[in-house]
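Listing of protein-v8.txt, compact mmCIF, C-alpha atoms
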```
# COMPACT_ATOMS: atom_id res chain seq x y z
CA MET A 22 20.82 0.97 -35.28
CA ASP A 23 21.95 3.90 -33.08
CA SER A 24 24.70 2.77 -30.68
CA ASN A 25 22.92 4.61 -27.86
CA THR A 26 19.89 2.35 -28.14
CA GLN A 27 22.13 -0.71 -27.70
CA ASP A 28 23.96 0.63 -24.67
CA SER A 29 22.35 -1.08 -21.68
CA VAL A 30 23.10 1.88 -19.39
CA VAL A 31 21.34 4.26 -21.75
CA VAL A 32 18.39 1.88 -22.05
CA ARG A 33 18.12 1.61 -18.27
CA HIS A 34 18.31 5.40 -18.02
CA ARG A 35 15.49 5.79 -20.50
CA ASP A 36 13.35 3.23 -18.69
CA LEU A 37 13.96 4.93 -15.37
CA GLU A 38 13.07 8.27 -16.91
CA ARG A 39 9.73 6.89 -18.11
CA TYR A 40 9.07 5.41 -14.66
CA ALA A 41 9.92 8.75 -13.03
CA ASN A 42 7.73 10.74 -15.39
CA ALA A 43 4.71 8.45 -14.87
CA ALA A 44 5.09 8.39 -11.08
CA LEU A 45 5.64 12.16 -10.90
CA LYS A 46 2.53 12.80 -13.01
CA ALA A 47 0.47 10.80 -10.51
CA GLY A 48 2.07 12.78 -7.68
CA ARG A 49 1.35 16.07 -9.40
CA ILE A 50 -2.34 15.21 -9.82
CA MET A 51 -2.65 14.17 -6.17
CA MET A 52 -0.87 17.30 -4.96
CA GLU A 53 -3.02 19.54 -7.18
CA SER A 54 -6.12 17.73 -5.87
CA GLY A 55 -5.44 18.49 -2.22
CA ALA A 56 -3.46 15.50 -0.91
CA SER A 57 -0.90 15.99 1.85
CA VAL A 58 2.80 15.55 1.09
CA SER A 59 3.06 12.19 2.89
CA VAL A 60 0.20 10.76 0.81
CA VAL A 61 1.73 12.10 -2.41
CA HIS A 62 5.12 10.63 -1.56
CA ARG A 63 3.62 7.25 -0.72
CA GLY A 64 1.61 7.23 -3.95
CA ILE A 65 4.65 8.06 -6.07
CA THR A 66 6.71 5.42 -4.28
CA MET A 67 4.00 2.78 -4.80
CA ILE A 68 3.99 3.37 -8.56
CA ALA A 69 7.78 3.41 -8.80
CA LYS A 70 8.10 0.20 -6.77
CA GLY A 71 5.46 -1.38 -9.01
CA PHE A 72 7.76 -0.71 -11.97
CA GLY A 73 10.57 -2.53 -10.15
CA VAL A 74 12.53 0.48 -8.91
CA GLU A 75 14.76 -0.39 -5.93
CA THR A 76 15.05 2.91 -4.10
CA VAL A 77 13.11 6.16 -4.35
CA GLY A 78 14.07 9.58 -2.97
CA LEU A 79 11.56 12.43 -3.01
CA ARG A 80 11.42 16.12 -2.26
CA SER A 81 8.30 18.27 -2.55
CA GLY A 82 8.16 22.04 -2.68
CA TYR A 83 5.14 24.25 -3.22
CA ALA A 84 5.80 24.51 -6.96
CA SER A 85 7.55 21.25 -7.84
CA ILE A 86 8.24 17.63 -6.94
CA ALA A 87 11.68 16.09 -7.45
CA MET A 88 12.50 12.40 -7.32
CA THR A 89 15.57 10.23 -7.58
CA LEU A 90 15.18 6.62 -8.75
CA ARG A 91 17.70 3.83 -8.55
CA ALA A 92 17.56 0.41 -10.20
CA GLU A 93 20.31 -1.97 -11.30
CA GLU A 94 23.17 0.41 -10.43
CA THR A 95 21.56 3.20 -12.46
CA THR A 96 20.29 6.40 -10.87
CA ILE A 97 18.38 9.36 -12.30
CA THR A 98 16.80 12.50 -10.84
CA ARG A 99 13.82 14.22 -12.40
CA MET A 100 11.65 17.15 -11.36
CA LEU A 101 8.08 18.10 -12.33
CA HIS A 102 6.45 21.51 -12.05
CA LEU A 103 3.19 21.72 -10.09
CA GLY A 104 0.17 23.77 -11.12
CA ARG A 105 -2.27 25.55 -8.84
CA LEU A 106 -3.01 23.52 -5.71
CA GLY A 107 -6.76 23.03 -5.29
CA VAL A 108 -9.09 20.36 -3.95
CA ASN A 109 -10.66 17.61 -6.08
CA HIS A 110 -11.59 14.71 -3.86
CA ARG A 111 -12.84 12.31 -6.52
CA LEU A 112 -9.77 12.73 -8.71
CA ASP A 113 -7.46 12.41 -5.71
CA LEU A 114 -9.17 9.19 -4.63
CA ALA A 115 -9.13 7.75 -8.16
CA VAL A 116 -5.38 8.34 -8.49
CA ARG A 117 -4.79 6.75 -5.09
CA GLU A 118 -6.64 3.66 -6.29
CA LEU A 119 -4.43 3.63 -9.39
CA CYS A 120 -1.32 3.83 -7.17
CA ALA A 121 -2.52 0.79 -5.20
CA ARG A 122 -3.12 -1.13 -8.45
CA ALA A 123 0.23 -0.16 -9.93
CA GLU A 124 2.06 -1.23 -6.77
CA THR A 125 1.11 -4.85 -7.40
CA GLY A 126 3.38 -4.75 -10.45
CA GLY A 127 0.93 -5.71 -13.16
CA MET A 128 0.83 -2.37 -15.00
CA SER A 129 3.15 -1.05 -17.70
CA VAL A 130 4.29 2.57 -17.85
CA GLU A 131 2.04 3.14 -20.85
CA ALA A 132 -0.95 1.69 -18.98
CA VAL A 133 -0.36 3.91 -15.94
CA GLU A 134 0.05 7.03 -18.11
CA ALA A 135 -3.05 6.21 -20.14
CA GLU A 136 -5.06 5.64 -16.98
CA LEU A 137 -3.86 8.97 -15.51
CA THR A 138 -4.87 10.78 -18.69
CA ARG A 139 -8.25 9.06 -18.63
CA LEU A 140 -8.84 9.93 -14.98
CA VAL A 141 -8.04 13.61 -15.52
CA ARG A 142 -10.33 13.70 -18.56
CA GLU A 143 -13.23 11.62 -17.25
CA THR A 144 -13.42 12.08 -13.48
CA PRO A 145 -16.73 13.91 -13.05
CA ARG A 146 -17.05 17.37 -11.54
CA HIS A 147 -20.21 19.02 -10.30
CA ALA A 148 -21.72 21.61 -12.64
CA PRO A 149 -20.55 25.17 -11.86
CA TRP A 150 -24.10 26.35 -11.11
CA PHE A 151 -24.66 23.46 -8.68
CA THR A 152 -21.36 24.13 -6.94
CA ALA A 153 -22.19 27.83 -6.72
CA VAL A 154 -25.57 27.20 -5.08
CA ALA A 155 -24.05 24.65 -2.68
CA VAL A 156 -21.30 27.09 -1.70
CA GLY A 157 -23.84 29.88 -1.26
CA LEU A 158 -25.87 27.62 1.04
CA ALA A 159 -22.69 26.73 2.93
CA CYS A 160 -21.88 30.44 3.42
CA ALA A 161 -25.40 31.16 4.68
CA SER A 162 -25.16 28.15 7.02
CA PHE A 163 -21.78 29.40 8.27
CA GLY A 164 -23.52 32.72 8.82
CA ARG A 165 -26.19 31.11 10.99
CA LEU A 166 -23.46 29.42 13.01
CA LEU A 167 -21.81 32.83 13.45
CA GLY A 168 -25.08 34.40 14.53
CA ILE A 169 -26.55 36.24 11.52
CA ASP A 170 -30.31 36.82 11.74
CA TRP A 171 -32.76 35.23 9.31
CA LEU A 172 -33.10 38.51 7.35
CA SER A 173 -29.45 38.18 6.31
CA PHE A 174 -29.72 34.51 5.33
CA GLY A 175 -30.95 35.21 1.78
CA PRO A 176 -28.44 37.97 0.98
CA VAL A 177 -25.54 35.83 2.23
CA LEU A 178 -26.83 32.90 0.16
CA LEU A 179 -26.98 35.17 -2.89
CA GLY A 180 -23.57 36.75 -2.25
CA GLY A 181 -21.89 33.37 -1.73
CA THR A 182 -23.57 31.85 -4.80
CA LEU A 183 -22.70 34.71 -7.15
CA GLY A 184 -19.23 34.99 -5.65
CA GLN A 185 -18.47 31.31 -6.23
CA TYR A 186 -19.85 31.44 -9.78
CA LEU A 187 -17.70 34.46 -10.59
CA ARG A 188 -14.65 32.91 -8.90
CA HIS A 189 -15.02 29.76 -10.99
CA HIS A 190 -15.00 31.76 -14.22
CA LEU A 191 -12.15 34.06 -13.21
CA LEU A 192 -9.93 31.14 -12.16
CA HIS A 193 -10.86 29.31 -15.37
CA ARG A 194 -9.55 32.33 -17.31
CA GLY A 195 -6.24 32.14 -15.45
CA VAL A 196 -6.60 35.26 -13.31
CA ASN A 197 -4.18 35.37 -10.36
CA ILE A 198 -5.73 33.55 -7.40
CA PHE A 199 -4.90 36.32 -4.89
CA LEU A 200 -6.48 39.00 -7.07
CA VAL A 201 -9.51 36.74 -7.44
CA ALA A 202 -9.73 36.41 -3.63
CA GLY A 203 -9.69 40.19 -3.19
CA ALA A 204 -12.20 40.83 -5.98
CA ILE A 205 -14.60 38.08 -4.89
CA ALA A 206 -14.44 39.20 -1.26
CA PHE A 207 -15.35 42.74 -2.33
CA PHE A 208 -18.17 41.53 -4.59
CA ALA A 209 -19.67 38.92 -2.24
CA ALA A 210 -19.44 41.16 0.83
CA THR A 211 -21.07 44.02 -1.08
CA VAL A 212 -23.95 41.81 -2.27
CA GLY A 213 -24.43 40.28 1.19
CA GLY A 214 -24.14 43.67 2.90
CA LEU A 215 -26.43 45.55 0.51
CA GLY A 216 -29.11 42.87 0.76
CA SER A 217 -28.89 42.82 4.53
CA LEU A 218 -29.13 46.61 4.69
CA ALA A 219 -32.12 46.61 2.35
CA LEU A 220 -33.89 44.03 4.53
CA GLN A 221 -33.01 45.99 7.67
CA SER A 222 -31.02 43.18 9.21
CA THR A 223 -29.27 43.90 12.50
CA THR A 224 -26.28 41.73 11.60
CA VAL A 225 -24.98 43.44 8.45
CA HIS A 226 -21.31 43.24 9.42
CA LEU A 227 -21.52 39.51 10.21
CA ALA A 228 -23.46 38.94 6.99
CA MET A 229 -20.67 40.57 4.97
CA MET A 230 -18.10 38.38 6.69
CA ALA A 231 -20.20 35.23 6.16
CA SER A 232 -20.54 36.05 2.44
CA ILE A 233 -16.79 35.69 1.91
CA LEU A 234 -16.30 32.44 3.82
CA LEU A 235 -16.15 30.55 0.52
CA LEU A 236 -12.65 32.02 0.23
CA VAL A 237 -11.33 30.60 3.51
CA PRO A 238 -8.85 27.90 2.49
CA GLY A 239 -9.78 25.28 5.07
CA VAL A 240 -8.15 22.28 3.39
CA PRO A 241 -4.78 23.99 2.76
CA ALA A 242 -4.85 25.25 6.36
CA THR A 243 -5.27 21.75 7.77
CA ASN A 244 -2.88 20.29 5.18
CA ALA A 245 -0.26 22.81 6.35
CA GLN A 246 -0.51 21.41 9.83
CA ALA A 247 -0.59 17.79 8.62
CA ASP A 248 2.54 18.37 6.53
CA ILE A 249 4.42 19.85 9.49
CA MET A 250 3.32 16.99 11.75
CA ASP A 251 4.35 14.46 9.10
CA GLY A 252 7.87 15.91 8.93
CA TYR A 253 7.58 18.31 5.99
CA PRO A 254 7.83 21.73 7.67
CA THR A 255 8.98 23.52 4.52
CA MET A 256 5.87 22.59 2.57
CA GLY A 257 3.67 23.12 5.64
CA SER A 258 5.09 26.61 6.12
CA ALA A 259 4.61 27.42 2.44
CA ARG A 260 0.96 26.36 2.65
CA ALA A 261 0.46 28.44 5.81
CA VAL A 262 1.92 31.55 4.15
CA TRP A 263 -0.33 30.95 1.13
CA VAL A 264 -3.37 30.72 3.44
CA LEU A 265 -2.34 33.97 5.16
CA MET A 266 -1.94 35.76 1.81
CA ILE A 267 -5.37 34.61 0.62
CA MET A 268 -6.92 35.86 3.85
CA VAL A 269 -5.11 39.22 3.61
CA PHE A 270 -6.48 39.76 0.09
CA ALA A 271 -9.96 38.64 1.20
CA ALA A 272 -9.84 41.02 4.17
CA VAL A 273 -8.84 43.89 1.87
CA GLY A 274 -11.86 43.10 -0.30
CA VAL A 275 -14.16 43.19 2.73
CA TRP A 276 -12.51 46.42 3.91
CA PHE A 277 -13.31 48.12 0.60
CA ALA A 278 -16.87 46.76 0.66
CA GLU A 279 -17.38 48.10 4.18
CA ALA A 280 -16.00 51.48 3.12
CA LEU A 281 -18.33 51.52 0.09
CA LEU A 282 -21.39 50.73 2.21
CA GLY A 283 -20.30 53.12 4.96
CA ILE A 284 -20.27 50.42 7.59
CA ARG A 285 -16.73 51.10 8.81
CA GLY A 286 -15.81 54.65 9.70
CA MET B 36 -33.71 16.39 32.01
CA GLU B 37 -36.03 19.40 31.98
CA SER B 38 -33.05 21.74 32.12
CA LEU B 39 -31.77 20.20 28.88
CA LEU B 40 -34.97 20.77 26.90
CA PRO B 41 -34.40 24.48 26.12
CA PHE B 42 -30.94 23.56 24.83
CA VAL B 43 -32.21 21.02 22.28
CA PRO B 44 -33.46 23.52 19.62
CA HIS B 45 -30.11 25.34 19.73
CA LEU B 46 -28.24 22.04 19.44
CA ALA B 47 -30.44 20.98 16.51
CA HIS B 48 -29.92 24.37 14.84
CA GLN B 49 -26.13 24.13 15.12
CA ALA B 50 -26.08 20.52 13.91
CA LEU B 51 -28.36 21.31 10.95
CA PHE B 52 -26.30 24.25 9.74
CA GLY B 53 -23.07 22.38 10.43
CA ALA B 54 -24.37 19.63 8.16
CA LEU B 55 -25.37 22.09 5.41
CA ALA B 56 -22.01 23.89 5.56
CA ALA B 57 -20.06 20.62 5.42
CA ALA B 58 -22.13 19.28 2.52
CA GLY B 59 -21.86 22.59 0.65
CA PHE B 60 -18.10 22.58 0.94
CA GLY B 61 -18.15 18.87 0.07
CA VAL B 62 -19.61 19.87 -3.31
CA LEU B 63 -16.88 22.49 -3.74
CA PHE B 64 -14.26 19.82 -2.95
CA ASN B 65 -15.88 17.55 -5.57
CA PHE B 66 -17.05 14.78 -3.27
CA GLY B 67 -19.35 12.36 -5.08
CA LEU B 68 -23.08 12.52 -4.42
CA LYS B 69 -22.91 9.27 -2.40
CA ALA B 70 -20.25 10.74 -0.10
CA LEU B 71 -22.07 14.04 0.52
CA PRO B 72 -24.49 12.61 3.14
CA TRP B 73 -21.44 11.35 5.05
CA CYS B 74 -19.93 14.86 4.91
CA ALA B 75 -23.21 16.28 6.19
CA ALA B 76 -23.39 13.72 9.00
CA ALA B 77 -19.79 14.46 9.99
CA GLY B 78 -20.53 18.21 10.00
CA ALA B 79 -23.63 17.72 12.13
CA LEU B 80 -21.72 15.55 14.61
CA ALA B 81 -18.81 18.01 14.83
CA LEU B 82 -21.05 21.01 15.47
CA ALA B 83 -23.20 19.07 17.95
CA VAL B 84 -20.16 18.06 20.00
CA ARG B 85 -18.69 21.57 19.86
CA THR B 86 -22.02 23.10 20.92
CA ILE B 87 -22.33 20.69 23.85
CA GLY B 88 -18.75 21.47 24.87
CA GLN B 89 -19.37 25.22 24.77
CA ASP B 90 -22.59 24.73 26.75
CA LEU B 91 -20.46 22.99 29.38
CA ALA B 92 -18.40 26.21 29.51
CA TRP B 93 -15.41 24.77 27.66
CA SER B 94 -13.36 27.21 25.62
CA LEU B 95 -14.02 27.39 21.87
CA GLU B 96 -10.64 25.78 21.24
CA GLY B 97 -11.23 22.95 23.71
CA ALA B 98 -14.70 22.25 22.37
CA THR B 99 -13.37 22.32 18.81
CA PHE B 100 -10.62 19.84 19.70
CA ALA B 101 -13.17 17.48 21.28
CA ALA B 102 -15.43 17.82 18.24
CA ALA B 103 -12.59 17.05 15.82
CA ILE B 104 -11.50 14.02 17.88
CA VAL B 105 -15.05 12.62 18.08
CA THR B 106 -15.65 13.23 14.37
CA SER B 107 -12.36 11.61 13.34
CA CYS B 108 -12.95 8.58 15.62
CA SER B 109 -16.53 8.16 14.40
CA VAL B 110 -15.50 8.32 10.76
CA SER B 111 -12.62 5.92 11.45
CA ALA B 112 -15.15 3.44 12.83
CA LEU B 113 -16.81 3.55 9.41
CA ARG B 114 -13.60 3.03 7.46
CA ARG B 115 -14.76 -0.34 6.11
CA ALA B 116 -17.65 1.45 4.40
CA LEU B 117 -15.78 4.62 3.46
CA GLY B 118 -12.36 3.20 2.60
CA PRO B 119 -9.55 5.70 1.93
CA ALA B 120 -12.13 8.51 1.82
CA CYS B 121 -12.66 8.40 5.58
CA ASN B 122 -10.00 10.99 6.45
CA ALA B 123 -11.37 13.37 3.82
CA VAL B 124 -14.92 12.96 5.13
CA ALA B 125 -13.73 13.80 8.66
CA LEU B 126 -11.96 16.88 7.31
CA ALA B 127 -15.07 18.00 5.42
CA GLY B 128 -17.07 17.58 8.62
CA CYS B 129 -14.66 19.84 10.50
CA ILE B 130 -14.63 22.58 7.83
CA PRO B 131 -17.61 24.40 9.46
CA MET B 132 -15.42 24.87 12.54
CA VAL B 133 -12.59 26.61 10.62
CA PRO B 134 -12.53 30.10 12.14
CA GLY B 135 -12.54 32.04 8.89
CA ALA B 136 -14.66 34.87 10.28
CA PHE B 137 -12.28 35.33 13.23
CA PHE B 138 -9.39 35.42 10.77
CA GLY B 139 -11.08 38.11 8.67
CA GLN B 140 -12.04 40.18 11.71
CA ALA B 141 -8.50 39.95 13.07
CA LEU B 142 -7.04 41.24 9.80
CA LEU B 143 -9.64 44.03 9.57
CA GLY B 144 -8.73 44.98 13.14
CA PHE B 145 -5.05 45.19 12.26
CA PHE B 146 -5.93 47.31 9.20
CA ALA B 147 -7.87 49.66 11.51
CA VAL B 148 -4.89 50.00 13.88
CA THR B 149 -2.65 51.12 11.02
CA ALA B 150 -5.00 53.98 10.04
CA PRO B 151 -3.47 57.51 10.44
CA HIS B 152 -5.50 58.36 13.55
CA PRO B 153 -7.08 55.15 14.85
CA ALA B 154 -9.86 55.39 17.39
CA ASP B 155 -9.44 53.08 20.38
CA ALA B 156 -6.19 51.73 18.95
CA VAL B 157 -5.24 49.71 22.03
CA GLU B 158 -8.65 48.11 22.36
CA THR B 159 -8.76 47.33 18.63
CA PHE B 160 -5.26 45.86 18.70
CA VAL B 161 -6.02 43.68 21.71
CA MET B 162 -9.22 42.42 20.10
CA ALA B 163 -7.49 41.69 16.77
CA SER B 164 -4.67 39.90 18.59
CA GLU B 165 -7.18 37.84 20.55
CA HIS B 166 -8.89 36.88 17.31
CA ILE B 167 -5.67 35.82 15.61
CA ILE B 168 -4.63 33.77 18.66
CA ARG B 169 -8.01 32.05 18.60
CA VAL B 170 -7.57 31.33 14.89
CA ILE B 171 -4.19 29.70 15.49
CA PHE B 172 -5.37 27.65 18.45
CA THR B 173 -8.62 26.61 16.79
CA LEU B 174 -6.89 25.54 13.60
CA GLY B 175 -4.39 23.66 15.74
CA ALA B 176 -7.24 22.00 17.61
CA ILE B 177 -8.90 20.89 14.36
CA GLY B 178 -5.65 19.62 12.86
CA ALA B 179 -4.58 17.74 15.97
CA GLY B 180 -8.07 16.38 16.56
CA LEU B 181 -8.19 15.00 13.03
CA VAL B 182 -4.65 13.65 12.84
CA ILE B 183 -4.33 11.93 16.24
CA PRO B 184 -7.12 9.32 15.77
CA ALA B 185 -6.19 8.80 12.11
CA GLN B 186 -2.58 8.04 13.11
CA LEU B 187 -3.42 5.89 16.12
CA LEU B 188 -6.10 3.90 14.29
CA LYS B 189 -3.87 3.64 11.19
CA ASN B 190 -6.53 4.74 8.71
CA GLN B 191 -5.65 3.64 5.21
CA ASP B 192 -4.82 6.37 2.69
CA PHE B 193 -4.83 4.06 -0.36
```
As structure tokens, the full file:
Amino acid sequence: MDSNTQDSVVVRHRDLERYANAALKAGRIMMESGASVSVVHRGITMIAKGFGVETVGLRSGYASIAMTLRAEETTITRMLHLGRLGVNHRLDLAVRELCARAETGGMSVEAVEAELTRLVRETPRHAPWFTAVAVGLACASFGRLLGIDWLSFGPVLLGGTLGQYLRHHLLHRGVNIFLVAGAIAFFAATVGGLGSLALQSTTVHLAMMASILLLVPGVPATNAQADIMDGYPTMGSARAVWVLMIMVFAAVGVWFAEALLGIRG
Amino acid sequence: MESLLPFVPHLAHQALFGALAAAGFGVLFNFGLKALPWCAAAGALALAVRTIGQDLAWSLEGATFAAAIVTSCSVSALRRALGPACNAVALAGCIPMVPGAFFGQALLGFFAVTAPHPADAVETFVMASEHIIRVIFTLGAIGAGLVIPAQLLKNQDF
């Protein structure tokens, strides 16, 4: 037998590493599903404590989470890379439930990892066409709240729907999210604007703006503030800059659409 | 009472489209079908309160803050039914109040100011600045309005 496997320090290190990896995976899923940093940190801590870890230290950045675990005089630090931060409420909620179960101490590392894998694989998502129609309806509703006339309602609905459908496929193919924001803003604003012009709406400019509201990152914007208020100003600032960049690209897309349709001089 | 009657259709219009916008974004955020009516109800409540506030001549930011507070408190009262989802439902309800159009118009205004020979540069700059200030204050109002009740009422996250 390898002497390393008999060394109790090495064994404890390996156990801690497995605990860290499982807890960090749960944290990564929550972060990528739209949870705030304080929720992610609590979830990770709950899982680690459930494994019997004594102390947990955490640091979250926009692209990674790092944690330090300590148990029985042994300490390790591990870091996990984060993917694109989006919003997936059902997956976020399911992982939170898993954190609460794991905290009670009745789950092994293997069970937690298997459950995480299952949740990622099996948590349902709405069909892309259904999401696209819902988002189109949301954009048109936003438009009514902004003051578009009824003639623009249909074109905004169409622009938002097609824009969301296209965005889904572009992001699925791994296209840069900022380029997608610019391209979708141009496309959706052009569709919404052209339709409104064709129907002789008097609110063409508002209709073009309403058509791109699917791109406004409302959850990251409020998460940015929540993170700062919870004592994580670095992450909050990073989210705020990300929101600003998305909006700059979206505004550029609208600017080009307005130039194409001759709405802005 | 009679003076309120003309206001009712406008209030109903705002609440209806607030509900549709919140539910639509709820689908994008992958809320389950059972949670979507709650998102819609929260959106309707938020827009109704904001509309009433603006009708009382409150500023957009003040009315938005009141709407976010009322929505967050109302959803917190339902936390037994909603569980850890209650904060997310309140957030979805407030999404229709996110000033995305102001944000876009502010940026387009700043683009216009940086053109080689901008027309009405001062007026455009002032308007764009006003829009961006409103965006910051309105987002702040939504965030604070959502967080304060959730913290004080100790809504569960897990």
Go through chain A residue by residue and, counting all atoms listed in the file, keep those with an atom at most 6 Å from chain B; for each kept residue give the shortest atom pair and its distance in Å to one decimal, ordered by chain and increasing number, as CSV.
```
residue,atom,partner,partner_atom,distance
A:Val108,CA,B:Phe64,CA,5.3
A:Asn109,CA,B:Asn65,CA,5.2
A:His110,CA,B:Asn65,CA,5.4
A:Arg111,CA,B:Phe66,CA,5.9
A:Arg117,CA,B:Phe193,CA,5.4
A:Thr152,CA,B:Leu63,CA,5.7
A:Ala155,CA,B:Gly59,CA,4.5
A:Val156,CA,B:Gly59,CA,5.1
A:Ala159,CA,B:Ala56,CA,3.9
A:Ser162,CA,B:Phe52,CA,4.9
A:Val237,CA,B:Gly135,CA,5.7
A:Thr243,CA,B:Gly178,CA,5.5
A:Ala272,CA,B:Gly139,CA,5.5
```
Restricted to C-alpha atoms, what would the selected residues look like written as a compact mmCIF listing (two decimals), in the coordinates of the input?
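Done, and the output landed in again.txt:
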```
# COMPACT_ATOMS: atom_id res chain seq x y z
CA VAL A 108 -9.09 20.36 -3.95
CA ASN A 109 -10.66 17.61 -6.08
CA HIS A 110 -11.59 14.71 -3.86
CA ARG A 111 -12.84 12.31 -6.52
CA ARG A 117 -4.79 6.75 -5.09
CA THR A 152 -21.36 24.13 -6.94
CA ALA A 155 -24.05 24.65 -2.68
CA VAL A 156 -21.30 27.09 -1.70
CA ALA A 159 -22.69 26.73 2.93
CA SER A 162 -25.16 28.15 7.02
CA VAL A 237 -11.33 30.60 3.51
CA THR A 243 -5.27 21.75 7.77
CA ALA A 272 -9.84 41.02 4.17
```
Do you know which residues are at most 7 Å from region 94-101 of chain B counting only C-alpha atoms, after dropping those on the same chain fewer than 6 positions away, and could you put them as a PDB file with C-alpha atoms, keeping the file's coordinate frame?
```pdb
ATOM      1  CA  ARG B  85     -18.690  21.570  19.860  1.00  0.00           C
ATOM      2  CA  GLY B  88     -18.750  21.470  24.870  1.00  0.00           C
ATOM      3  CA  PHE B 172      -5.370  27.650  18.450  1.00  0.00           C
ATOM      4  CA  THR B 173      -8.620  26.610  16.790  1.00  0.00           C
ATOM      5  CA  ALA B 176      -7.240  22.000  17.610  1.00  0.00           C
ATOM      6  CA  ILE B 177      -8.900  20.890  14.360  1.00  0.00           C
ATOM      7  CA  GLY B 180      -8.070  16.380  16.560  1.00  0.00           C
TER       8      GLY B 180
END
```
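Distance-wise, CA of Phe208 (chain A) and CA of Met229 (chain A) end up 9.9 Å apart.
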**Request:** State, in Å with one decimal place, the distance from CA of Thr211 (chain A) to CA of Ile198 (chain A).
**Result:**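 These two atoms are separated by 19.6 Å.
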**Request:** Please measure the separation of CA of Gly184 (chain A) and CA of Gly157 (chain A), giving the value in Å to one decimal.
**Result:** 8.2 Å
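Of the residues under consideration (A:Gly195, A:Gly73, A:Gly64, A:Gly213), A:Gly64 shows the shortest atom-to-atom contact distance to Ala115 (chain A) when counting all atoms listed in the file.
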